[in-house]
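Novice: Pasting input.cif here (mmCIF, C-alpha atoms and all ligand atoms):
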```
data_coords
#
loop_
_atom_site.label_atom_id
_atom_site.label_comp_id
_atom_site.auth_asym_id
_atom_site.auth_seq_id
_atom_site.Cartn_x
_atom_site.Cartn_y
_atom_site.Cartn_z
CA MET A 13 169.48 -271.14 -11.23
CA LEU A 14 166.04 -272.00 -12.55
CA ASN A 15 165.26 -275.73 -12.74
CA TYR A 16 163.31 -277.38 -15.56
CA THR A 17 159.94 -277.24 -13.75
CA ASP A 18 160.30 -273.56 -12.89
CA ALA A 19 161.36 -272.78 -16.44
CA GLN A 20 158.32 -274.60 -17.79
CA LYS A 21 156.10 -272.69 -15.40
CA LYS A 22 157.59 -269.34 -16.37
CA LEU A 23 157.19 -270.09 -20.08
CA SER A 24 153.62 -271.33 -19.74
CA GLU A 25 152.60 -267.97 -18.27
CA TYR A 26 153.45 -266.45 -21.64
CA GLY A 27 152.47 -269.35 -23.93
CA GLN A 28 156.12 -270.07 -24.84
CA GLU A 29 156.51 -273.74 -23.79
CA HIS A 30 157.81 -274.60 -27.27
CA LEU A 31 161.19 -273.18 -26.23
CA LEU A 32 161.79 -276.38 -24.24
CA LYS A 33 160.86 -278.65 -27.14
CA TYR A 34 164.40 -279.99 -27.64
CA TYR A 35 165.41 -279.96 -23.97
CA ASP A 36 165.72 -283.73 -23.59
CA GLU A 37 168.07 -283.94 -26.58
CA LEU A 38 170.54 -281.35 -25.23
CA SER A 39 173.87 -281.89 -23.52
CA GLU A 40 174.10 -280.95 -19.84
CA GLU A 41 175.91 -277.76 -20.75
CA GLU A 42 173.29 -276.78 -23.32
CA LYS A 43 170.51 -277.53 -20.86
CA ALA A 44 172.09 -275.22 -18.30
CA SER A 45 172.57 -272.49 -20.89
CA LEU A 46 168.95 -272.70 -22.04
CA LEU A 47 167.64 -272.59 -18.47
CA SER A 48 169.80 -269.58 -17.71
CA GLN A 49 168.47 -267.77 -20.78
CA ILE A 50 164.92 -268.50 -19.69
CA GLU A 51 165.77 -267.15 -16.27
CA ARG A 52 167.30 -263.93 -17.58
CA ILE A 53 164.85 -263.07 -20.34
CA ASP A 54 161.93 -260.83 -19.48
CA PHE A 55 159.03 -262.43 -21.34
CA SER A 56 156.50 -259.92 -20.02
CA VAL A 57 157.48 -257.58 -22.87
CA LEU A 58 155.47 -259.87 -25.15
CA GLU A 59 152.31 -258.51 -23.56
CA SER A 60 153.00 -255.19 -25.20
CA LEU A 61 152.36 -256.74 -28.61
CA GLU A 62 148.66 -256.20 -28.12
CA ALA A 63 149.25 -252.55 -27.39
CA GLU A 64 151.54 -252.19 -30.42
CA LYS A 65 149.31 -249.92 -32.38
CA ASN A 66 148.63 -247.77 -29.35
CA VAL A 67 152.13 -246.65 -28.47
CA THR A 68 151.57 -243.25 -30.05
CA ALA A 69 147.82 -243.11 -29.50
CA ASN A 70 148.48 -243.27 -25.77
CA ARG A 71 150.46 -240.06 -25.77
CA GLY A 72 149.20 -237.00 -23.89
CA THR A 73 148.98 -233.38 -24.95
CA PHE A 74 152.23 -231.86 -26.15
CA ALA A 75 153.40 -228.30 -25.62
CA PRO A 76 156.69 -226.57 -26.53
CA LEU A 77 159.48 -226.19 -24.00
CA SER A 78 162.15 -223.51 -24.26
CA ALA A 79 165.80 -224.18 -23.66
CA VAL A 80 168.70 -222.53 -21.96
CA THR A 81 170.25 -221.30 -25.19
CA VAL A 82 173.84 -221.01 -26.34
CA GLU A 83 173.58 -217.24 -25.62
CA ASP A 84 172.18 -217.83 -22.10
CA ILE A 85 175.00 -220.25 -21.42
CA ALA A 86 177.65 -217.78 -22.60
CA ALA A 87 176.17 -215.13 -20.31
CA ASN A 88 176.35 -217.44 -17.27
CA GLU A 89 179.48 -219.32 -18.18
CA ALA A 90 181.55 -218.51 -15.11
CA GLU A 91 178.82 -219.48 -12.68
CA TYR A 92 177.94 -222.75 -14.46
CA LYS A 93 181.55 -223.71 -14.88
CA LYS A 94 182.37 -223.21 -11.22
CA ALA A 95 179.43 -225.36 -10.06
CA GLY A 96 180.08 -228.04 -12.69
CA LEU A 97 183.81 -228.30 -12.15
CA GLU A 98 183.25 -228.59 -8.43
CA ALA A 99 180.83 -231.49 -9.02
CA VAL A 100 183.42 -233.24 -11.19
CA ARG A 101 186.36 -232.50 -8.91
CA ASN A 102 184.49 -233.91 -5.91
CA ARG A 103 183.52 -236.98 -7.94
CA LYS A 104 179.85 -236.15 -7.58
CA THR A 105 179.28 -236.86 -11.26
CA ALA A 106 179.66 -240.23 -12.94
CA ALA A 107 179.24 -241.05 -16.60
CA VAL A 108 177.44 -244.00 -18.19
CA LEU A 109 178.41 -245.00 -21.70
CA LEU A 110 175.61 -246.83 -23.48
CA ALA A 111 177.44 -249.38 -25.58
CA GLY A 112 175.07 -252.34 -25.55
CA GLY A 113 173.51 -251.71 -28.96
CA GLN A 114 174.12 -253.90 -31.97
CA GLY A 115 174.81 -251.08 -34.42
CA THR A 116 173.09 -252.99 -37.22
CA ARG A 117 172.87 -249.96 -39.51
CA LEU A 118 176.64 -249.50 -39.50
CA GLY A 119 177.08 -253.13 -40.49
CA PHE A 120 180.27 -253.58 -38.43
CA ASP A 121 180.42 -256.97 -36.74
CA LYS A 122 182.27 -255.83 -33.60
CA PRO A 123 181.13 -253.41 -30.88
CA LYS A 124 180.53 -250.02 -32.51
CA GLY A 125 183.11 -248.36 -30.25
CA MET A 126 185.81 -250.54 -31.85
CA TYR A 127 185.23 -248.90 -35.24
CA ASN A 128 188.31 -247.09 -36.53
CA VAL A 129 187.39 -243.62 -37.82
CA GLY A 130 191.02 -242.71 -38.46
CA ILE A 131 192.38 -242.35 -41.97
CA THR A 132 196.15 -242.04 -41.65
CA ARG A 133 196.23 -243.41 -38.11
CA GLU A 134 194.11 -245.55 -35.84
CA LEU A 135 191.41 -243.59 -34.05
CA TYR A 136 188.64 -245.68 -32.56
CA ILE A 137 185.21 -244.44 -31.54
CA PHE A 138 185.89 -245.45 -27.92
CA GLU A 139 189.17 -243.56 -28.13
CA CYS A 140 187.42 -240.38 -29.35
CA LEU A 141 185.08 -240.56 -26.36
CA ILE A 142 187.88 -241.07 -23.88
CA ASN A 143 189.84 -238.20 -25.46
CA ASN A 144 186.82 -235.94 -25.04
CA LEU A 145 186.38 -236.99 -21.43
CA MET A 146 190.07 -236.49 -20.70
CA LYS A 147 189.69 -232.77 -21.43
CA VAL A 148 187.35 -232.50 -18.44
CA VAL A 149 189.55 -234.75 -16.31
CA LYS A 150 192.51 -232.46 -16.95
CA GLU A 151 190.54 -229.31 -16.26
CA ALA A 152 189.00 -230.64 -13.05
CA GLY A 153 192.05 -232.56 -11.90
CA ALA A 154 189.98 -235.67 -11.16
CA TYR A 155 188.88 -238.76 -13.04
CA VAL A 156 185.17 -239.16 -13.72
CA PRO A 157 183.87 -242.61 -12.67
CA LEU A 158 182.94 -244.23 -15.97
CA TYR A 159 180.41 -247.04 -16.20
CA ILE A 160 180.21 -248.83 -19.52
CA MET A 161 177.08 -250.76 -20.40
CA THR A 162 177.63 -253.66 -22.76
CA SER A 163 175.44 -256.59 -23.77
CA GLU A 164 175.97 -260.34 -23.47
CA ILE A 165 176.90 -260.23 -27.12
CA ASN A 166 179.67 -257.62 -27.02
CA ASN A 167 180.85 -257.61 -23.40
CA SER A 168 184.04 -259.61 -23.69
CA ASP A 169 185.09 -257.94 -26.97
CA THR A 170 184.59 -254.54 -25.35
CA ILE A 171 186.52 -255.32 -22.19
CA ASN A 172 189.37 -256.95 -24.12
CA PHE A 173 189.57 -253.94 -26.41
CA PHE A 174 189.89 -251.50 -23.52
CA GLU A 175 192.49 -253.75 -21.90
CA GLU A 176 194.52 -254.07 -25.10
CA HIS A 177 194.56 -250.31 -25.54
CA ASP A 178 195.33 -249.61 -21.92
CA TYR A 179 192.02 -247.77 -21.55
CA PHE A 180 193.33 -245.14 -23.98
CA GLY A 181 195.14 -243.50 -21.09
CA TYR A 182 192.11 -243.39 -18.79
CA ASP A 183 192.39 -244.51 -15.18
CA LYS A 184 191.41 -248.18 -15.28
CA ASN A 185 190.29 -248.11 -11.65
CA SER A 186 187.68 -245.49 -12.51
CA VAL A 187 186.05 -247.76 -15.11
CA ARG A 188 183.41 -250.44 -14.53
CA PHE A 189 181.56 -252.59 -17.06
CA PHE A 190 178.07 -253.96 -16.66
CA ILE A 191 175.86 -256.06 -18.89
CA GLN A 192 172.35 -255.07 -19.93
CA ASP A 193 169.45 -257.48 -20.15
CA MET A 194 168.16 -259.24 -23.21
CA ALA A 195 164.63 -259.28 -24.63
CA PRO A 196 163.14 -262.11 -26.67
CA ALA A 197 162.48 -261.79 -30.39
CA ALA A 198 159.11 -263.15 -31.49
CA ASP A 199 157.38 -264.02 -34.75
CA MET A 200 154.43 -262.00 -35.99
CA ASN A 201 152.11 -264.05 -33.77
CA GLY A 202 154.08 -263.45 -30.61
CA LYS A 203 155.81 -266.86 -30.48
CA VAL A 204 159.44 -266.45 -29.48
CA TYR A 205 161.92 -267.72 -32.07
CA MET A 206 164.71 -270.18 -31.38
CA GLU A 207 168.10 -269.66 -32.99
CA SER A 208 169.18 -273.23 -32.33
CA ARG A 209 167.89 -276.08 -30.20
CA SER A 210 169.44 -274.55 -27.10
CA ARG A 211 169.46 -270.86 -27.93
CA ILE A 212 166.49 -268.50 -27.73
CA ALA A 213 166.42 -265.65 -30.24
CA SER A 214 167.02 -262.54 -28.17
CA SER A 215 168.70 -259.17 -28.41
CA PRO A 216 169.69 -256.33 -26.09
CA ASN A 217 166.52 -254.84 -24.59
CA GLY A 218 167.13 -251.21 -25.58
CA ASN A 219 169.01 -248.47 -23.76
CA GLY A 220 166.15 -247.71 -21.34
CA GLY A 221 167.20 -250.52 -19.03
CA TRP A 222 170.59 -248.98 -18.21
CA PHE A 223 169.79 -247.97 -14.64
CA SER A 224 168.02 -251.18 -13.64
CA SER A 225 170.86 -253.20 -15.19
CA LEU A 226 173.40 -251.11 -13.31
CA VAL A 227 171.53 -251.74 -10.06
CA ARG A 228 171.24 -255.47 -10.80
CA ALA A 229 174.98 -255.57 -11.41
CA GLY A 230 175.41 -254.39 -7.81
CA LEU A 231 176.94 -251.03 -8.75
CA LEU A 232 174.47 -248.72 -7.04
CA ASP A 233 176.04 -249.23 -3.60
CA GLU A 234 179.39 -248.12 -4.90
CA ILE A 235 177.83 -245.12 -6.64
CA ARG A 236 176.02 -244.02 -3.52
CA SER A 237 178.78 -244.72 -1.03
CA SER A 238 181.26 -242.81 -3.13
CA GLY A 239 178.98 -239.78 -3.07
CA VAL A 240 177.99 -239.65 -6.75
CA GLU A 241 174.89 -237.47 -7.12
CA TRP A 242 174.63 -237.04 -10.88
CA ILE A 243 174.93 -239.44 -13.77
CA ASN A 244 175.65 -238.29 -17.31
CA VAL A 245 174.30 -240.90 -19.72
CA PHE A 246 175.49 -240.79 -23.32
CA ALA A 247 175.55 -242.76 -26.57
CA VAL A 248 178.59 -244.50 -27.96
CA ASP A 249 178.12 -243.30 -31.50
CA ASN A 250 178.61 -239.53 -31.25
CA VAL A 251 182.35 -238.96 -31.66
CA LEU A 252 182.02 -235.28 -30.66
CA GLN A 253 180.15 -236.22 -27.49
CA GLN A 254 181.15 -233.92 -24.63
CA ILE A 255 180.99 -236.03 -21.50
CA ALA A 256 180.67 -234.74 -17.93
CA ASP A 257 180.64 -231.27 -19.44
CA PRO A 258 181.08 -228.91 -16.48
CA LEU A 259 178.93 -226.19 -18.06
CA PHE A 260 176.04 -228.60 -18.58
CA ILE A 261 176.32 -230.05 -15.08
CA GLY A 262 176.60 -226.57 -13.58
CA ALA A 263 173.55 -225.33 -15.50
CA VAL A 264 171.41 -228.22 -14.32
CA ILE A 265 172.57 -227.89 -10.70
CA LYS A 266 172.00 -224.13 -10.70
CA SER A 267 168.56 -224.49 -12.30
CA GLY A 268 167.37 -226.74 -9.46
CA TYR A 269 165.92 -229.09 -12.10
CA GLU A 270 165.78 -232.86 -11.59
CA SER A 271 167.48 -233.63 -14.89
CA GLY A 272 168.86 -232.11 -18.06
CA GLY A 273 169.16 -233.04 -21.71
CA LYS A 274 171.60 -231.70 -24.26
CA VAL A 275 169.78 -230.48 -27.35
CA VAL A 276 170.61 -228.94 -30.71
CA SER A 277 168.52 -226.57 -32.81
CA LYS A 278 166.85 -228.58 -35.52
CA ALA A 279 168.48 -228.17 -38.92
CA ALA A 280 165.07 -228.09 -40.60
CA PRO A 281 161.48 -228.39 -39.34
CA GLU A 282 161.22 -231.92 -40.77
CA GLU A 283 164.50 -233.18 -39.34
CA ARG A 284 164.06 -236.73 -38.06
CA VAL A 285 164.97 -236.15 -34.46
CA GLY A 286 163.10 -236.43 -31.16
CA VAL A 287 162.22 -233.05 -29.63
CA LEU A 288 162.38 -232.22 -25.93
CA CYS A 289 159.03 -230.68 -25.00
CA LEU A 290 156.21 -231.00 -22.49
CA GLU A 291 153.61 -233.76 -22.44
CA ASP A 292 150.72 -233.15 -20.07
CA GLY A 293 152.89 -230.59 -18.32
CA MET A 294 155.81 -232.97 -17.73
CA PRO A 295 159.06 -233.03 -19.70
CA SER A 296 158.99 -235.52 -22.53
CA ILE A 297 160.41 -236.32 -25.92
CA VAL A 298 158.15 -236.37 -28.93
CA GLU A 299 159.50 -238.47 -31.78
CA TYR A 300 159.55 -236.87 -35.22
CA TYR A 301 156.98 -239.36 -36.52
CA GLU A 302 154.62 -238.52 -33.68
CA MET A 303 154.50 -234.83 -34.55
CA THR A 304 151.50 -233.44 -36.39
CA PRO A 305 152.13 -231.18 -39.43
CA GLU A 306 151.02 -228.25 -37.23
CA MET A 307 153.58 -229.06 -34.55
CA ILE A 308 156.32 -229.40 -37.15
CA THR A 309 155.78 -225.90 -38.54
CA GLU A 310 154.50 -224.05 -35.44
CA ARG A 311 156.49 -220.88 -34.69
CA THR A 312 156.89 -218.76 -31.57
CA GLU A 313 156.30 -214.98 -31.54
CA ASN A 314 159.90 -214.32 -32.49
CA GLY A 315 159.74 -216.65 -35.48
CA ASP A 316 161.60 -219.65 -34.00
CA LEU A 317 160.27 -223.16 -34.40
CA ALA A 318 158.13 -223.95 -31.34
CA TYR A 319 159.41 -227.56 -31.28
CA LYS A 320 162.95 -226.54 -31.95
CA TYR A 321 165.26 -228.56 -29.76
CA GLY A 322 166.31 -232.05 -30.83
CA VAL A 323 167.85 -234.46 -28.33
CA ILE A 324 171.31 -235.95 -28.92
CA LEU A 325 171.28 -238.74 -26.32
CA ASN A 326 173.22 -236.96 -23.64
CA TYR A 327 171.28 -236.64 -20.38
CA LEU A 328 172.08 -235.73 -16.81
CA PHE A 329 170.07 -237.58 -14.18
CA ASN A 330 170.03 -237.30 -10.41
CA VAL A 331 170.82 -240.51 -8.53
CA ASP A 332 168.25 -239.97 -5.74
CA LYS A 333 165.53 -239.40 -8.31
CA LEU A 334 166.60 -242.42 -10.37
CA VAL A 335 166.21 -244.59 -7.30
CA THR A 336 162.63 -243.37 -6.77
CA ILE A 337 161.65 -244.22 -10.35
CA LEU A 338 163.54 -247.51 -10.51
CA ASP A 339 160.41 -249.65 -10.36
CA ASN A 340 158.37 -247.51 -12.73
CA LYS A 341 157.76 -249.27 -16.02
CA LEU A 342 158.99 -247.67 -19.20
CA PRO A 343 156.87 -247.97 -22.34
CA ILE A 344 157.96 -250.81 -24.59
CA HIS A 345 158.70 -250.00 -28.19
CA VAL A 346 157.83 -252.87 -30.48
CA VAL A 347 159.89 -252.84 -33.68
CA LYS A 348 159.53 -255.02 -36.76
CA LYS A 349 162.92 -256.58 -37.60
CA LYS A 350 164.58 -259.35 -39.59
CA ILE A 351 165.19 -262.09 -37.04
CA PRO A 352 167.40 -265.08 -37.88
CA TYR A 353 165.84 -268.29 -36.57
CA MET A 354 165.74 -272.07 -36.72
CA ASP A 355 162.81 -273.47 -38.68
CA GLU A 356 160.76 -276.63 -38.01
CA ASN A 357 163.35 -278.76 -39.79
CA GLY A 358 166.27 -277.41 -37.82
CA ASN A 359 167.58 -275.14 -40.62
CA TYR A 360 169.02 -271.77 -39.72
CA ILE A 361 167.19 -269.09 -41.73
CA LYS A 362 168.32 -265.51 -42.29
CA PRO A 363 165.24 -263.68 -43.55
CA ASP A 364 165.36 -260.91 -46.18
CA GLU A 365 162.22 -259.25 -44.91
CA PRO A 366 161.10 -258.42 -41.37
CA ASN A 367 159.62 -261.60 -39.92
CA GLY A 368 158.93 -260.62 -36.35
CA HIS A 369 159.22 -258.18 -33.49
CA LYS A 370 161.90 -257.02 -31.11
CA PHE A 371 161.16 -255.17 -27.87
CA GLU A 372 163.03 -252.19 -26.49
CA THR A 373 162.76 -249.57 -23.79
CA LEU A 374 164.45 -246.23 -24.41
CA VAL A 375 166.37 -243.88 -22.14
CA LEU A 376 164.49 -240.93 -23.63
CA ASP A 377 161.29 -242.20 -22.01
CA MET A 378 162.94 -241.76 -18.61
CA VAL A 379 162.73 -238.02 -19.11
CA HIS A 380 158.94 -238.18 -18.81
CA GLN A 381 159.29 -239.77 -15.37
CA HIS A 382 160.89 -236.57 -14.12
CA ASN A 383 159.12 -233.43 -12.93
CA SER A 384 161.63 -231.22 -14.69
CA CYS A 385 164.30 -231.51 -17.36
CA LEU A 386 166.48 -228.65 -18.52
CA PRO A 387 166.93 -228.51 -22.31
CA TYR A 388 170.52 -227.31 -22.67
CA GLU A 389 171.44 -226.09 -26.13
CA VAL A 390 174.80 -226.96 -27.63
CA ILE A 391 176.36 -226.07 -30.96
CA ARG A 392 175.70 -228.90 -33.32
CA SER A 393 178.91 -228.67 -35.33
CA LYS A 394 180.93 -228.87 -32.12
CA GLU A 395 179.09 -231.60 -30.24
CA PHE A 396 177.05 -233.76 -32.57
CA ALA A 397 178.68 -236.18 -35.00
CA PRO A 398 176.70 -239.41 -34.76
CA ILE A 399 177.79 -242.52 -36.62
CA LYS A 400 174.71 -244.54 -37.46
CA ASN A 401 175.42 -245.53 -41.06
CA ALA A 402 178.47 -246.38 -43.16
CA THR A 403 177.77 -243.62 -45.70
CA GLY A 404 175.39 -240.68 -46.17
CA VAL A 405 173.53 -239.02 -43.31
CA ASP A 406 174.95 -239.56 -39.80
CA SER A 407 177.72 -241.71 -41.16
CA VAL A 408 181.42 -242.38 -40.83
CA GLU A 409 181.92 -239.86 -43.67
CA SER A 410 179.94 -237.04 -42.06
CA ALA A 411 181.51 -237.69 -38.65
CA ARG A 412 185.02 -237.59 -40.13
CA GLU A 413 184.24 -234.24 -41.71
CA LEU A 414 183.05 -232.87 -38.36
CA LEU A 415 186.03 -234.30 -36.49
CA LYS A 416 188.35 -232.51 -38.94
CA GLN A 417 186.43 -229.26 -38.52
CA ASN A 418 187.05 -229.59 -34.78
CA GLY A 419 190.76 -230.01 -35.23
CA VAL A 420 190.94 -233.76 -34.69
CA GLU A 421 193.69 -235.29 -36.76
CA LEU A 422 192.51 -238.34 -38.66
P1 LIG A 501 170.72 -246.90 -31.44
O1 LIG A 501 169.32 -246.56 -31.21
O2 LIG A 501 171.43 -246.17 -32.52
O3 LIG A 501 170.82 -248.49 -31.66
O4 LIG A 501 171.51 -246.73 -30.07
P2 LIG A 501 172.02 -249.41 -32.10
O5 LIG A 501 171.65 -250.80 -31.69
O6 LIG A 501 173.34 -248.92 -31.57
O7 LIG A 501 172.11 -249.28 -33.67
P3 LIG A 501 171.15 -249.83 -34.84
O8 LIG A 501 169.84 -249.17 -34.65
O9 LIG A 501 171.11 -251.33 -34.70
O10 LIG A 501 171.86 -249.40 -36.09
C1 LIG A 501 171.72 -245.51 -29.42
C2 LIG A 501 172.64 -245.77 -28.25
O11 LIG A 501 172.05 -246.67 -27.32
C3 LIG A 501 172.89 -247.80 -27.15
C4 LIG A 501 173.76 -247.87 -28.38
O12 LIG A 501 174.94 -248.61 -28.12
C5 LIG A 501 173.98 -246.40 -28.66
O13 LIG A 501 174.96 -245.87 -27.80
N1 LIG A 501 172.06 -249.01 -26.97
C6 LIG A 501 171.10 -249.31 -27.87
C7 LIG A 501 172.30 -249.81 -25.89
O14 LIG A 501 173.21 -249.54 -25.07
N2 LIG A 501 171.53 -250.93 -25.73
C8 LIG A 501 170.56 -251.26 -26.61
O15 LIG A 501 169.89 -252.29 -26.40
C9 LIG A 501 170.32 -250.43 -27.70
#
```
For the structure just supplied, provide its representation as structure tokens.
Ligand code: UTP
Specialist:
Amino acid sequence: MLNYTDAQKKLSEYGQEHLLKYYDELSEEEKASLLSQIERIDFSVLESLEAEKNVTANRGTFAPLSAVTVEDIAANEAEYKKAGLEAVRNRKTAAVLLAGGQGTRLGFDKPKGMYNVGITRELYIFECLINNLMKVVKEAGAYVPLYIMTSEINNSDTINFFEEHDYFGYDKNSVRFFIQDMAPAADMNGKVYMESRSRIASSPNGNGGWFSSLVRAGLLDEIRSSGVEWINVFAVDNVLQQIADPLFIGAVIKSGYESGGKVVSKAAPEERVGVLCLEDGMPSIVEYYEMTPEMITERTENGDLAYKYGVILNYLFNVDKLVTILDNKLPIHVVKKKIPYMDENGNYIKPDEPNGHKFETLVLDMVHQHNSCLPYEVIRSKEFAPIKNATGVDSVESARELLKQNGVEL
């Protein structure tokens, strides 16, 4: 572990020596914990503060990208299914559940996957996901290796929950957990906050770090030696998420593309969703707030929206390719947030207004590091029921409605 001198040196590179201000007053245990935080935290993200205003200005030239549509998929169903099922049966496809987020919008103080969406019975978000995955397991006759990314904050709760519920009937030996890295939270001037005398204000560093965290956790060897070629990465919060979907896997394999992304047709031109398109000729996702009014309303010859296909955080990546891009930096998204902190007088403050910045990388930016990505259209009402909020749009309420429509008993 880092010693005091090394920690001081690391912090001075980023002008953050104040984080050691109380060091001498700490217990041995607190000292060790502080040093280990300093060791684990990537302070280089702070450099992106200067580039904050340029995140969108640095984007290239966008162009529309067409998808393999629901109709195309129906026409090739047998072929895709055969290739996909074979990849699952031979354990060539693994799944990565991104469950390291804090789910602040939902306002639930446990890991989001522990939320009970049931009404007359218990039905947890994690359980919905496992149930969905079990359909594929049954069809293929093989378990899909499942890697679950947690954060320092929710790791033990998540593992205990799976243990208590006996993995909801999933094969425990096919499940691994790994912990993502943390990023510091800084004030408006780029000085990192402290939460207490021994604790640096930090939060999970976004879902973009999933592959590097998985590698750091020592899981790549197992993935490679067991012959896994494809990884299906998906979000925890979509209770209709179809995981290791043989048709999707088959379509990507048959296309010869390096990656694939599940997409849905936008509900309206202005829908607030990232769109899979091209940027300087490479696949990329343009965020809704980055689109010009022209892009939002542009139509193709047959009257469809040109930027039609919204991403739903379900991607298929190729392991060999992921290894080649492992050291490539992802853009850092700087977000203004309310950050609880300890003030000069040692009081713990919970601000009402954003008082600083958090730093995140996003899995969607990995798409742009690929030469090709197949947009694969799915039917929204069957596969997209995200739970972001407690009520309203993308909420527990809307997800329950969609679960019912899909025959899930609540
Ligand atoms: P969101 O972007 O919805 O973030 O995550 P969030 O933290 O869960 O929720 P809010 O914004 O605070 O309300 C999309 C997916 O990425 C995962 C989440 O768990 C979810 O599956 N994620 C997000 C991580 O795994 N790590 C992160 O650091 C952030």
Novice: Taking only C-alpha atoms and all ligand atoms into account, list the residues no farther than 10 Å from ligand LIG 501 (chain A), as an MDAnalysis selection string.
Specialist: chainID A and resid 108:120 123:125 160:163 191:195 215:222 245:250 324:326 371:375 398:401
Novice: Restricted to C-alpha atoms, what would the selected residues look like written as an mmCIF file, keeping the file's coordinate frame?
Specialist:
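Written file, result27.cif:
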```
data_model
loop_
_atom_site.group_PDB
_atom_site.id
_atom_site.type_symbol
_atom_site.label_atom_id
_atom_site.label_comp_id
_atom_site.auth_asym_id
_atom_site.auth_seq_id
_atom_site.Cartn_x
_atom_site.Cartn_y
_atom_site.Cartn_z
ATOM 1 C CA VAL A 108 177.440 -244.000 -18.190
ATOM 2 C CA LEU A 109 178.410 -245.000 -21.700
ATOM 3 C CA LEU A 110 175.610 -246.830 -23.480
ATOM 4 C CA ALA A 111 177.440 -249.380 -25.580
ATOM 5 C CA GLY A 112 175.070 -252.340 -25.550
ATOM 6 C CA GLY A 113 173.510 -251.710 -28.960
ATOM 7 C CA GLN A 114 174.120 -253.900 -31.970
ATOM 8 C CA GLY A 115 174.810 -251.080 -34.420
ATOM 9 C CA THR A 116 173.090 -252.990 -37.220
ATOM 10 C CA ARG A 117 172.870 -249.960 -39.510
ATOM 11 C CA LEU A 118 176.640 -249.500 -39.500
ATOM 12 C CA GLY A 119 177.080 -253.130 -40.490
ATOM 13 C CA PHE A 120 180.270 -253.580 -38.430
ATOM 14 C CA PRO A 123 181.130 -253.410 -30.880
ATOM 15 C CA LYS A 124 180.530 -250.020 -32.510
ATOM 16 C CA GLY A 125 183.110 -248.360 -30.250
ATOM 17 C CA ILE A 160 180.210 -248.830 -19.520
ATOM 18 C CA MET A 161 177.080 -250.760 -20.400
ATOM 19 C CA THR A 162 177.630 -253.660 -22.760
ATOM 20 C CA SER A 163 175.440 -256.590 -23.770
ATOM 21 C CA ILE A 191 175.860 -256.060 -18.890
ATOM 22 C CA GLN A 192 172.350 -255.070 -19.930
ATOM 23 C CA ASP A 193 169.450 -257.480 -20.150
ATOM 24 C CA MET A 194 168.160 -259.240 -23.210
ATOM 25 C CA ALA A 195 164.630 -259.280 -24.630
ATOM 26 C CA SER A 215 168.700 -259.170 -28.410
ATOM 27 C CA PRO A 216 169.690 -256.330 -26.090
ATOM 28 C CA ASN A 217 166.520 -254.840 -24.590
ATOM 29 C CA GLY A 218 167.130 -251.210 -25.580
ATOM 30 C CA ASN A 219 169.010 -248.470 -23.760
ATOM 31 C CA GLY A 220 166.150 -247.710 -21.340
ATOM 32 C CA GLY A 221 167.200 -250.520 -19.030
ATOM 33 C CA TRP A 222 170.590 -248.980 -18.210
ATOM 34 C CA VAL A 245 174.300 -240.900 -19.720
ATOM 35 C CA PHE A 246 175.490 -240.790 -23.320
ATOM 36 C CA ALA A 247 175.550 -242.760 -26.570
ATOM 37 C CA VAL A 248 178.590 -244.500 -27.960
ATOM 38 C CA ASP A 249 178.120 -243.300 -31.500
ATOM 39 C CA ASN A 250 178.610 -239.530 -31.250
ATOM 40 C CA ILE A 324 171.310 -235.950 -28.920
ATOM 41 C CA LEU A 325 171.280 -238.740 -26.320
ATOM 42 C CA ASN A 326 173.220 -236.960 -23.640
ATOM 43 C CA PHE A 371 161.160 -255.170 -27.870
ATOM 44 C CA GLU A 372 163.030 -252.190 -26.490
ATOM 45 C CA THR A 373 162.760 -249.570 -23.790
ATOM 46 C CA LEU A 374 164.450 -246.230 -24.410
ATOM 47 C CA VAL A 375 166.370 -243.880 -22.140
ATOM 48 C CA PRO A 398 176.700 -239.410 -34.760
ATOM 49 C CA ILE A 399 177.790 -242.520 -36.620
ATOM 50 C CA LYS A 400 174.710 -244.540 -37.460
ATOM 51 C CA ASN A 401 175.420 -245.530 -41.060
#
```
Novice: Using only C-alpha atoms, find the one residue out of A:Tyr327, A:Phe173, A:Phe55, A:Phe189 that sits nearest to Leu23 of chain A.
Specialist: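 Going through A:Tyr327, A:Phe173, A:Phe55, A:Phe189 one by one, the smallest distance to Leu23 of chain A is for A:Phe55.
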Novice: Within 12 Å of (163.8, -253.4, -37.9) (file coordinates; only C-alpha atoms), which protein or nucleic acid residues are there? I'd like them as number ranges by chain.
Specialist: A: 114-117, 197, 345-351, 363-372
Novice: Determine the nearest neighbour of Lys93 of chain A from the options A:Leu259, A:Leu32, A:Ile265, A:Met303, counting all atoms listed in the file.
Specialist: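 Checking each candidate against Lys93 of chain A, we get A:Leu259 as the closest.
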Novice: Give one line per residue of segment 184-207 of chain A that approaches segment 152-159 of chain A to at most 9 Å, naming the two atoms of the closest pair and their distance in Å to one decimal, counting all atoms listed in the file; sort by chain then ascending residue number and deliver it as CSV.
Specialist:
```
residue,atom,partner,partner_atom,distance
A:Asn185,CA,A:Pro157,CA,8.5
A:Ser186,CA,A:Pro157,CA,4.8
A:Val187,CA,A:Leu158,CA,4.8
A:Arg188,CA,A:Tyr159,CA,4.8
A:Phe189,CA,A:Tyr159,CA,5.7
A:Phe190,CA,A:Tyr159,CA,7.3
```
Novice: Measuring atom to atom with all atoms listed in the file, identify which of A:Glu313, A:Ser168, A:Phe396, A:Phe223 is nearest to Lys278 of chain A.
Specialist: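 Closest to Lys278 of chain A, using all atoms listed in the file: A:Phe396.
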